[in-house]
Amino acid sequence: MRRLLAPIPIAVLSAVVALVALLAYGLASTQPDRGIDDALRAGEREAAPAVELPALEGGARQTLADYRGQVVVLNFWASWCDPCREESPLLQRWHERIANQDAVVLGVDVQDVDDDARKFIDEYRLTFPMLRDGSGDTRESFGILSLPETFVIDRQGRIAAVRRGPVDDQFMREQVQPLLEEQA
């Protein structure tokens, strides 16, 4: 019993407990905010976080509010992301399909090299607007953990759907198409 109460085992035990507590805190504090997902599960549409970023070409700053009144398919991507490459042709087709219905696909290039992003856009012949988030700061406000992630925003600026991973035609038909028919 005396041996257990000796200073060295107590110090080691205290260090282990402190380390476990610190690790638990670190894991809990780095979890993405999934409030958007929780609201959608509850059938609610939260206002989309405010976004103000430079355009990838030209650098003029744009806000998500600039697109109010339109359905926005907000896609976060990077040139180094293989699933982003797979979904890009589909996003371009949908952009062409919805552009005349007050809707837009809006890309946000995240934590990427400008030249690589431009090559990616040229390679996939992407014509939808692109914003640049070099630091990745918008990731936290949307609870983004990996790329690609896509948020469908209704005409009132509320998030109506989210896909954490690559989108497909079924997602676009089920989540975007009905919003095109909703009144502003």
# chains A, B, ... in the order shown; residues from 1 in each chain; ligands from 1
>>> closest_atom_pairs(of="stretch 24-96 of chain A", to="stretch 108-114 of chain A", cutoff="9 Å", atoms="only C-alpha atoms", output="Markdown table")
| residue | atom | partner | partner_atom | distance |
| --- | --- | --- | --- | --- |
| A:Leu53 | CA | A:Val108 | CA | 8.7 |
| A:Ala55 | CA | A:Val108 | CA | 8.9 |
| A:Leu56 | CA | A:Asp114 | CA | 7.6 |
| A:Leu74 | CA | A:Val108 | CA | 7.3 |
| A:Asn75 | CA | A:Val108 | CA | 6.0 |
| A:Phe76 | CA | A:Val108 | CA | 4.7 |
| A:Trp77 | CA | A:Asp109 | CA | 5.2 |
| A:Ala78 | CA | A:Asp109 | CA | 5.3 |
| A:Ser79 | CA | A:Asp112 | CA | 6.8 |
| A:Trp80 | CA | A:Asp112 | CA | 7.7 |
>>> write_last_selection(atoms="C-alpha atoms", output="compact mmCIF listing (two decimals), in the first residue's frame")
# COMPACT_ATOMS: atom_id res chain seq x y z
CA LEU A 53 -14.36 35.53 -50.62
CA ALA A 55 -13.27 35.34 -57.06
CA LEU A 56 -10.63 32.88 -58.24
CA LEU A 74 -22.33 25.65 -53.10
CA ASN A 75 -19.54 23.16 -53.75
CA PHE A 76 -16.29 23.13 -51.75
CA TRP A 77 -13.46 21.47 -53.69
CA ALA A 78 -9.70 21.38 -54.34
CA SER A 79 -7.62 20.33 -57.32
CA TRP A 80 -5.80 17.69 -55.25
>>> residues_around(residues="A:Thr127", least_positions_apart="2", cutoff="12 Å", atoms="only C-alpha atoms", output="MDAnalysis selection string")
chainID A and resid 57 88:89 91:96 99 104:107 118 120:125 129:130
>>> atom_distance(atom1="atom CA of A:Ala39", atom2="atom CA of A:Gly143")
12.7 Å
>>> residues_around(residues="A:Gly43", least_positions_apart="4", cutoff="12 Å", atoms="only C-alpha atoms", output="list in words")
Ile36, Asp37, Asp38, Ala39, Ile159, Ala160 and Ala161 of chain A
>>> closest_residue(among="A:Arg139, A:Lys119, A:Arg68, A:Arg85", to="A:Val167", atoms="only C-alpha atoms")
A:Arg85
>>> closest_residue(among="A:Arg61, A:Pro148, A:Arg163, A:Gln101", to="A:Glu182", atoms="only C-alpha atoms")
A:Gln101
>>> atom_distance(atom1="atom CA of A:Val51", atom2="atom CA of A:Asp168")
24.8 Å
>>> closest_residue(among="A:Leu64, A:Gln175, A:Cys84, A:Glu52", to="A:Asp133", atoms="only C-alpha atoms")
A:Glu52
